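Structure first, then comments.
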Amino acid sequence: CPHMRFIRGEANLLGWEKSHWAVNPDGQNMTGGHEGRYGYCCAEMDILEANREAGVFTAHPCTEQEQAICVGKEQCGDRGEGITGYCDKDGCGFSSYRMGDEMFWGAGQNFTVDTTKPMTIVTQFVTSDNTDASDLVDIRRIYIQDGKVVKNSEANVLPGGGDSITDAMCSEQNRVFNESSNGFRDAGGLKAMGEALARGMVLSMSIWDDDFGRMLWLDGEKNSFDQDPSAPGIRRGPCPFSYGTHEDEMKYAEEHGAMSVTFTNVRYGDMHSTYSLI
């Protein structure tokens, strides 16, 4: 529920003089600028958040039936205090690295999916009776590379296994990873996510970085100074905890050039209708 300068065409001025404070991965309380009194909440389905080293697809449901203005922690949520609010900020996601397969996604021919080469990413939304009118119960993923279909990796760290996002997998992941709250369940789980998709969502594609959190939530060996990398669910990728500062980003750009990504052939349709192996 971001606190933007304008919401529905009106200036979000009340309280804008207040500094927004947040705790960075090193445990330091840092100012992140200003924010207004109100936030703006909506469901989010992350088809892919990734770089060369790690990737994840994540569902973020909300309790509200449409975009909603929020005020205060009870509505806008507070991750630090374990308050979900209208929307699940953490979401339930599937990261192959975090789920135990560290050689599934990465740069080079030794990985099952080689991020140095083009690929097709297929996301399948499965309902309880395989019609468009029923509840969403499963989000599946396959990859196509070099003319071959690549099944998603298995969740080796979970006793129940699995290779897709289901309510049961999300609950088990929450328990095994010892999360302090279960916002995905509280916000309605896959049923709420499916209802949001049915109402219609805006497709957004971007390239971005974050020198505050150092993108450790995506690809780091841990994303907080006090975490134990050997504990289940802590390791998201191979990147060192200290890496990802603004200075690191500038040095990388000098050595390798500007970051870039290409998205092409975006399609949607019935199951198995959007791709071909020919």
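Residue numbers start at 1 in each chain; chains themselves are named A, B, ... in the order of the structure tokens; ligands are numbered from 1 in the order shown.
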
Worksheet entry | region 218-232 of chain A environment, 8 Å, only C-alpha atoms, sequence neighbours closer than 6 positions dropped, as a PyMOL selection string | chain A and resi 24-27+49-50+53-56+157+176-177+238-241

Against region 99-109 of chain A, which residues of region 199-269 of chain A fall within 10 Å? For each one I want the closest pair of atoms and the distance in Å (one decimal), counting only C-alpha atoms, rows by chain and increasing residue number, as a Markdown table.
```
| residue | atom | partner | partner_atom | distance |
| --- | --- | --- | --- | --- |
| A:Pro232 | CA | A:Met99 | CA | 8.5 |
| A:Gly233 | CA | A:Met99 | CA | 7.0 |
| A:Ile234 | CA | A:Met99 | CA | 9.8 |
| A:Arg235 | CA | A:Gly100 | CA | 9.0 |
| A:Arg236 | CA | A:Met99 | CA | 8.5 |
| A:Gly237 | CA | A:Glu102 | CA | 7.6 |
| A:Pro238 | CA | A:Glu102 | CA | 8.4 |
```

Item to complete: Might you pull out every residue within 7 Å of Cys62 (chain A), with only C-alpha atoms counted and same-chain residues fewer than 2 positions away left off, and present them as a PyMOL selection string?
Response: chain A and resi 42-43+60+64+86-88+187-188+192

Expected file: the selected residues, C-alpha atoms, as a PDB file, in the first residue's frame:
```pdb
ATOM      1  CA  CYS A  42      -4.271  -3.240  -4.582  1.00  0.00           C
ATOM      2  CA  ALA A  43      -3.555  -6.908  -5.245  1.00  0.00           C
ATOM      3  CA  HIS A  60      -0.003 -10.860  -3.126  1.00  0.00           C
ATOM      4  CA  GLU A  64     -10.548  -5.431  -0.479  1.00  0.00           C
ATOM      5  CA  TYR A  86      -5.589  -4.756   3.523  1.00  0.00           C
ATOM      6  CA  CYS A  87      -2.886  -6.488   1.463  1.00  0.00           C
ATOM      7  CA  ASP A  88      -0.248  -9.183   1.906  1.00  0.00           C
ATOM      8  CA  ALA A 187      -5.741 -11.752   2.992  1.00  0.00           C
ATOM      9  CA  GLY A 188      -7.703 -14.621   1.445  1.00  0.00           C
ATOM     10  CA  ALA A 192      -8.714 -13.736  -3.261  1.00  0.00           C
TER      11      ALA A 192
END
```

Practice prompt. Skip Thr31 (chain A) itself and residues of its chain fewer than 5 positions away, then list as a list in words all residues within 8 Å of it, counting only C-alpha atoms.
Written response: Ser19, His20, Trp21 and Ala22 of chain A

Each residue of region 190-239 of chain A with at least one atom at most 12 Å from region 247-268 of chain A should appear once, together with its nearest atom pair and the corresponding distance in Å (one decimal); atoms considered: only C-alpha atoms; ordering: chain, then increasing residue number; output as a tab-separated table.
```
residue	atom	partner	partner_atom	distance
A:Leu203	CA	A:Val266	CA	10.2
A:Ser204	CA	A:Phe263	CA	11.2
A:Met205	CA	A:Phe263	CA	8.2
A:Ser206	CA	A:Val261	CA	8.7
A:Ile207	CA	A:Val261	CA	7.3
A:Trp208	CA	A:Met259	CA	9.0
A:Asp209	CA	A:Glu249	CA	8.7
A:Asp210	CA	A:Glu249	CA	9.6
A:Asp211	CA	A:Glu249	CA	8.1
A:Phe212	CA	A:Glu247	CA	11.8
A:Arg214	CA	A:Glu249	CA	9.6
A:Met215	CA	A:Glu249	CA	11.3
```

If you keep all heavy atoms, can you produce a file of those selected residues as an mmCIF file, in the first residue's frame?
```cif
data_model
loop_
_atom_site.group_PDB
_atom_site.id
_atom_site.type_symbol
_atom_site.label_atom_id
_atom_site.label_comp_id
_atom_site.auth_asym_id
_atom_site.auth_seq_id
_atom_site.Cartn_x
_atom_site.Cartn_y
_atom_site.Cartn_z
ATOM 1 N N LEU A 203 -0.846 -4.912 -16.571
ATOM 2 C CA LEU A 203 0.465 -5.511 -16.788
ATOM 3 C C LEU A 203 1.542 -4.435 -16.724
ATOM 4 O O LEU A 203 1.462 -3.410 -17.406
ATOM 5 C CB LEU A 203 0.519 -6.203 -18.156
ATOM 6 C CG LEU A 203 1.874 -6.772 -18.562
ATOM 7 C CD1 LEU A 203 2.301 -7.887 -17.609
ATOM 8 C CD2 LEU A 203 1.832 -7.287 -19.996
ATOM 9 N N SER A 204 2.541 -4.662 -15.893
ATOM 10 C CA SER A 204 3.640 -3.707 -15.753
ATOM 11 C C SER A 204 4.955 -4.448 -15.889
ATOM 12 O O SER A 204 5.152 -5.503 -15.267
ATOM 13 C CB SER A 204 3.563 -3.014 -14.384
ATOM 14 O OG SER A 204 4.692 -2.195 -14.174
ATOM 15 N N MET A 205 5.864 -3.908 -16.695
ATOM 16 C CA MET A 205 7.188 -4.487 -16.866
ATOM 17 C C MET A 205 8.230 -3.407 -16.591
ATOM 18 O O MET A 205 8.095 -2.281 -17.060
ATOM 19 C CB MET A 205 7.355 -5.052 -18.281
ATOM 20 C CG MET A 205 6.462 -6.249 -18.561
ATOM 21 S SD MET A 205 6.584 -6.884 -20.246
ATOM 22 C CE MET A 205 5.588 -5.675 -21.123
ATOM 23 N N SER A 206 9.250 -3.742 -15.837
ATOM 24 C CA SER A 206 10.216 -2.719 -15.445
ATOM 25 C C SER A 206 11.576 -3.340 -15.156
ATOM 26 O O SER A 206 11.722 -4.563 -15.089
ATOM 27 C CB SER A 206 9.720 -1.969 -14.196
ATOM 28 O OG SER A 206 9.658 -2.843 -13.081
ATOM 29 N N ILE A 207 12.555 -2.472 -14.969
ATOM 30 C CA ILE A 207 13.876 -2.882 -14.507
ATOM 31 C C ILE A 207 14.251 -1.915 -13.384
ATOM 32 O O ILE A 207 14.082 -0.705 -13.519
ATOM 33 C CB ILE A 207 14.911 -2.865 -15.652
ATOM 34 C CG1 ILE A 207 16.265 -3.381 -15.161
ATOM 35 C CG2 ILE A 207 15.034 -1.496 -16.283
ATOM 36 C CD1 ILE A 207 17.248 -3.664 -16.285
ATOM 37 N N TRP A 208 14.667 -2.460 -12.251
ATOM 38 C CA TRP A 208 14.897 -1.601 -11.089
ATOM 39 C C TRP A 208 15.914 -2.237 -10.152
ATOM 40 O O TRP A 208 16.256 -3.420 -10.278
ATOM 41 C CB TRP A 208 13.587 -1.348 -10.341
ATOM 42 C CG TRP A 208 12.884 -2.569 -9.835
ATOM 43 C CD1 TRP A 208 12.145 -3.471 -10.559
ATOM 44 C CD2 TRP A 208 12.825 -3.022 -8.471
ATOM 45 N NE1 TRP A 208 11.644 -4.451 -9.746
ATOM 46 C CE2 TRP A 208 12.034 -4.205 -8.463
ATOM 47 C CE3 TRP A 208 13.352 -2.547 -7.269
ATOM 48 C CZ2 TRP A 208 11.780 -4.920 -7.289
ATOM 49 C CZ3 TRP A 208 13.085 -3.256 -6.108
ATOM 50 C CH2 TRP A 208 12.307 -4.424 -6.130
ATOM 51 N N ASP A 209 16.401 -1.409 -9.214
ATOM 52 C CA ASP A 209 17.293 -1.919 -8.177
ATOM 53 C C ASP A 209 16.947 -1.219 -6.869
ATOM 54 O O ASP A 209 16.070 -0.347 -6.827
ATOM 55 C CB ASP A 209 18.766 -1.756 -8.543
ATOM 56 C CG ASP A 209 19.130 -0.304 -8.846
ATOM 57 O OD1 ASP A 209 18.546 0.603 -8.207
ATOM 58 O OD2 ASP A 209 19.978 -0.058 -9.710
ATOM 59 N N ASP A 210 17.618 -1.589 -5.794
ATOM 60 C CA ASP A 210 17.273 -1.074 -4.467
ATOM 61 C C ASP A 210 18.523 -1.096 -3.606
ATOM 62 O O ASP A 210 18.902 -2.145 -3.089
ATOM 63 C CB ASP A 210 16.172 -1.941 -3.851
ATOM 64 C CG ASP A 210 15.926 -1.627 -2.390
ATOM 65 O OD1 ASP A 210 16.222 -0.489 -1.967
ATOM 66 O OD2 ASP A 210 15.452 -2.515 -1.667
ATOM 67 N N ASP A 211 19.165 0.071 -3.464
ATOM 68 C CA ASP A 211 20.379 0.089 -2.663
ATOM 69 C C ASP A 211 20.084 0.224 -1.171
ATOM 70 O O ASP A 211 21.008 0.193 -0.356
ATOM 71 C CB ASP A 211 21.339 1.187 -3.124
ATOM 72 C CG ASP A 211 20.733 2.590 -3.067
ATOM 73 O OD1 ASP A 211 19.589 2.714 -2.587
ATOM 74 O OD2 ASP A 211 21.392 3.543 -3.501
ATOM 75 N N PHE A 212 18.804 0.351 -0.801
ATOM 76 C CA PHE A 212 18.439 0.357 0.623
ATOM 77 C C PHE A 212 18.402 -1.082 1.165
ATOM 78 O O PHE A 212 19.083 -1.421 2.126
ATOM 79 C CB PHE A 212 17.068 1.020 0.830
ATOM 80 C CG PHE A 212 16.627 1.053 2.269
ATOM 81 C CD1 PHE A 212 17.020 2.083 3.104
ATOM 82 C CD2 PHE A 212 15.828 0.042 2.799
ATOM 83 C CE1 PHE A 212 16.627 2.124 4.442
ATOM 84 C CE2 PHE A 212 15.429 0.062 4.120
ATOM 85 C CZ PHE A 212 15.824 1.100 4.941
ATOM 86 N N ARG A 214 19.316 -3.643 -0.777
ATOM 87 C CA ARG A 214 20.362 -4.345 -1.534
ATOM 88 C C ARG A 214 19.822 -5.553 -2.296
ATOM 89 O O ARG A 214 20.587 -6.455 -2.656
ATOM 90 C CB ARG A 214 21.534 -4.739 -0.622
ATOM 91 C CG ARG A 214 22.132 -3.563 0.144
ATOM 92 C CD ARG A 214 23.530 -3.858 0.645
ATOM 93 N NE ARG A 214 23.609 -4.816 1.720
ATOM 94 C CZ ARG A 214 23.496 -4.520 3.010
ATOM 95 N NH1 ARG A 214 23.280 -3.258 3.386
ATOM 96 N NH2 ARG A 214 23.604 -5.449 3.941
ATOM 97 N N MET A 215 18.515 -5.609 -2.525
ATOM 98 C CA MET A 215 17.867 -6.705 -3.253
ATOM 99 C C MET A 215 18.121 -8.069 -2.606
ATOM 100 O O MET A 215 18.006 -9.121 -3.248
ATOM 101 C CB MET A 215 18.322 -6.743 -4.723
ATOM 102 C CG MET A 215 18.049 -5.457 -5.494
ATOM 103 S SD MET A 215 16.310 -5.011 -5.593
ATOM 104 C CE MET A 215 15.698 -6.185 -6.761
#
```

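Look at Ser181 (chain A): the protein and nucleic acid residues within 10 Å of it, using only C-alpha atoms and passing over chain neighbours fewer than 4 places away, are Arg79, Glu81, Gly82, Ile83, Thr84, Asp90, Asn174, Arg175, Arg185 and Asp186 of chain A.
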
Item to complete: Could you please determine the separation between CA of Ala68 (chain A) and CA of His34 (chain A) in Å, to one decimal place?
Response: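 Computing the Euclidean distance for CA of Ala68 (chain A) and CA of His34 (chain A) yields 20.6 Å.
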
Worksheet entry | All helix (DSSP H, G or I) residues (DSSP, backbone) inside region 143-268 of chain A, as an MDAnalysis selection string | chainID A and resid 167:176 183:186 189:199 216:219 246:256

Practice prompt. Can you check which residues of region 66-148 of chain A DSSP gives as strand (DSSP E or B) on the backbone and send them as a PyMOL selection string?
Written response: chain A and resi 68-71+78+83+87+92-95+105-106+113-114+120-127+136-145+148

Worksheet item: Near region 125-132 of chain A, counting only C-alpha atoms, which residues have an atom at most 10 Å away, once you skip same-chain residues fewer than 4 positions from it, shown as a PyMOL selection string?
Response: chain A and resi 136-141+165-166+190-191+194+197-198+270-271

I need the chosen residues saved as a PDB file, in the first residue's frame, with N, CA and C atoms.
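Once written, selection.pdb looks like this:
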```pdb
ATOM      1  N   LEU A 136      -9.502 -19.998  -7.924  1.00  0.00           N
ATOM      2  CA  LEU A 136      -8.100 -20.304  -8.215  1.00  0.00           C
ATOM      3  C   LEU A 136      -7.543 -21.205  -7.116  1.00  0.00           C
ATOM      4  N   VAL A 137      -6.899 -22.315  -7.507  1.00  0.00           N
ATOM      5  CA  VAL A 137      -6.363 -23.249  -6.518  1.00  0.00           C
ATOM      6  C   VAL A 137      -4.887 -23.564  -6.743  1.00  0.00           C
ATOM      7  N   ASP A 138      -4.314 -23.130  -7.868  1.00  0.00           N
ATOM      8  CA  ASP A 138      -2.937 -23.510  -8.169  1.00  0.00           C
ATOM      9  C   ASP A 138      -2.348 -22.530  -9.179  1.00  0.00           C
ATOM     10  N   ILE A 139      -1.097 -22.123  -8.967  1.00  0.00           N
ATOM     11  CA  ILE A 139      -0.358 -21.317  -9.936  1.00  0.00           C
ATOM     12  C   ILE A 139       0.888 -22.104 -10.309  1.00  0.00           C
ATOM     13  N   ARG A 140       0.961 -22.526 -11.556  1.00  0.00           N
ATOM     14  CA  ARG A 140       2.040 -23.393 -12.020  1.00  0.00           C
ATOM     15  C   ARG A 140       2.988 -22.648 -12.953  1.00  0.00           C
ATOM     16  N   ARG A 141       4.183 -23.181 -13.067  1.00  0.00           N
ATOM     17  CA  ARG A 141       5.215 -22.532 -13.872  1.00  0.00           C
ATOM     18  C   ARG A 141       5.970 -23.581 -14.682  1.00  0.00           C
ATOM     19  N   ILE A 165       2.432 -22.986  -6.622  1.00  0.00           N
ATOM     20  CA  ILE A 165       1.857 -22.242  -5.508  1.00  0.00           C
ATOM     21  C   ILE A 165       0.433 -22.726  -5.240  1.00  0.00           C
ATOM     22  N   THR A 166       0.222 -23.322  -4.087  1.00  0.00           N
ATOM     23  CA  THR A 166      -1.103 -23.708  -3.620  1.00  0.00           C
ATOM     24  C   THR A 166      -1.266 -23.191  -2.198  1.00  0.00           C
ATOM     25  N   LEU A 190      -5.246 -17.919  -2.321  1.00  0.00           N
ATOM     26  CA  LEU A 190      -5.396 -17.999  -3.777  1.00  0.00           C
ATOM     27  C   LEU A 190      -6.791 -17.604  -4.242  1.00  0.00           C
ATOM     28  N   LYS A 191      -7.807 -17.869  -3.450  1.00  0.00           N
ATOM     29  CA  LYS A 191      -9.164 -17.477  -3.836  1.00  0.00           C
ATOM     30  C   LYS A 191      -9.244 -15.971  -4.059  1.00  0.00           C
ATOM     31  N   GLY A 194      -7.271 -15.010  -7.180  1.00  0.00           N
ATOM     32  CA  GLY A 194      -8.018 -15.322  -8.390  1.00  0.00           C
ATOM     33  C   GLY A 194      -9.128 -14.330  -8.660  1.00  0.00           C
ATOM     34  N   LEU A 197      -7.587 -11.244 -10.170  1.00  0.00           N
ATOM     35  CA  LEU A 197      -7.238 -11.470 -11.572  1.00  0.00           C
ATOM     36  C   LEU A 197      -8.480 -11.433 -12.457  1.00  0.00           C
ATOM     37  N   ALA A 198      -9.590 -11.978 -11.946  1.00  0.00           N
ATOM     38  CA  ALA A 198     -10.829 -11.994 -12.717  1.00  0.00           C
ATOM     39  C   ALA A 198     -11.391 -10.585 -12.923  1.00  0.00           C
ATOM     40  N   ASP A 270      -5.899 -19.897 -23.272  1.00  0.00           N
ATOM     41  CA  ASP A 270      -6.200 -21.153 -22.599  1.00  0.00           C
ATOM     42  C   ASP A 270      -4.924 -21.932 -22.313  1.00  0.00           C
ATOM     43  N   MET A 271      -5.037 -22.875 -21.396  1.00  0.00           N
ATOM     44  CA  MET A 271      -3.892 -23.680 -20.989  1.00  0.00           C
ATOM     45  C   MET A 271      -3.213 -24.325 -22.200  1.00  0.00           C
TER      46      MET A 271
END
```

Discussion item. Under the rule that only C-alpha atoms are counted, which of A:Cys70, A:Val122, A:Ile7, A:Met45 is the nearest residue to Val202 (chain A)?
Written reply: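 Residue with the minimum atom-to-atom distance to Val202 (chain A): A:Met45.
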
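Going from CA of Pro159 (chain A) to CA of Glu172 (chain A) covers 8.2 Å.
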
Discussion item. One decimal, in Å: what's the spacing between CA of Tyr143 (chain A) and CA of Thr120 (chain A)?
Written reply: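 Taking CA of Tyr143 (chain A) and CA of Thr120 (chain A), their separation equals 5.7 Å.
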
Item to complete: For each of A:Arg98, A:His3, A:His246, A:Lys148, take the minimum atom-to-atom distance to Gly213 (chain A), counting only C-alpha atoms, then give the residue where this is smallest.
Response: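 Looking only at the distances to Gly213 (chain A), the closest residue turns out to be A:His246.
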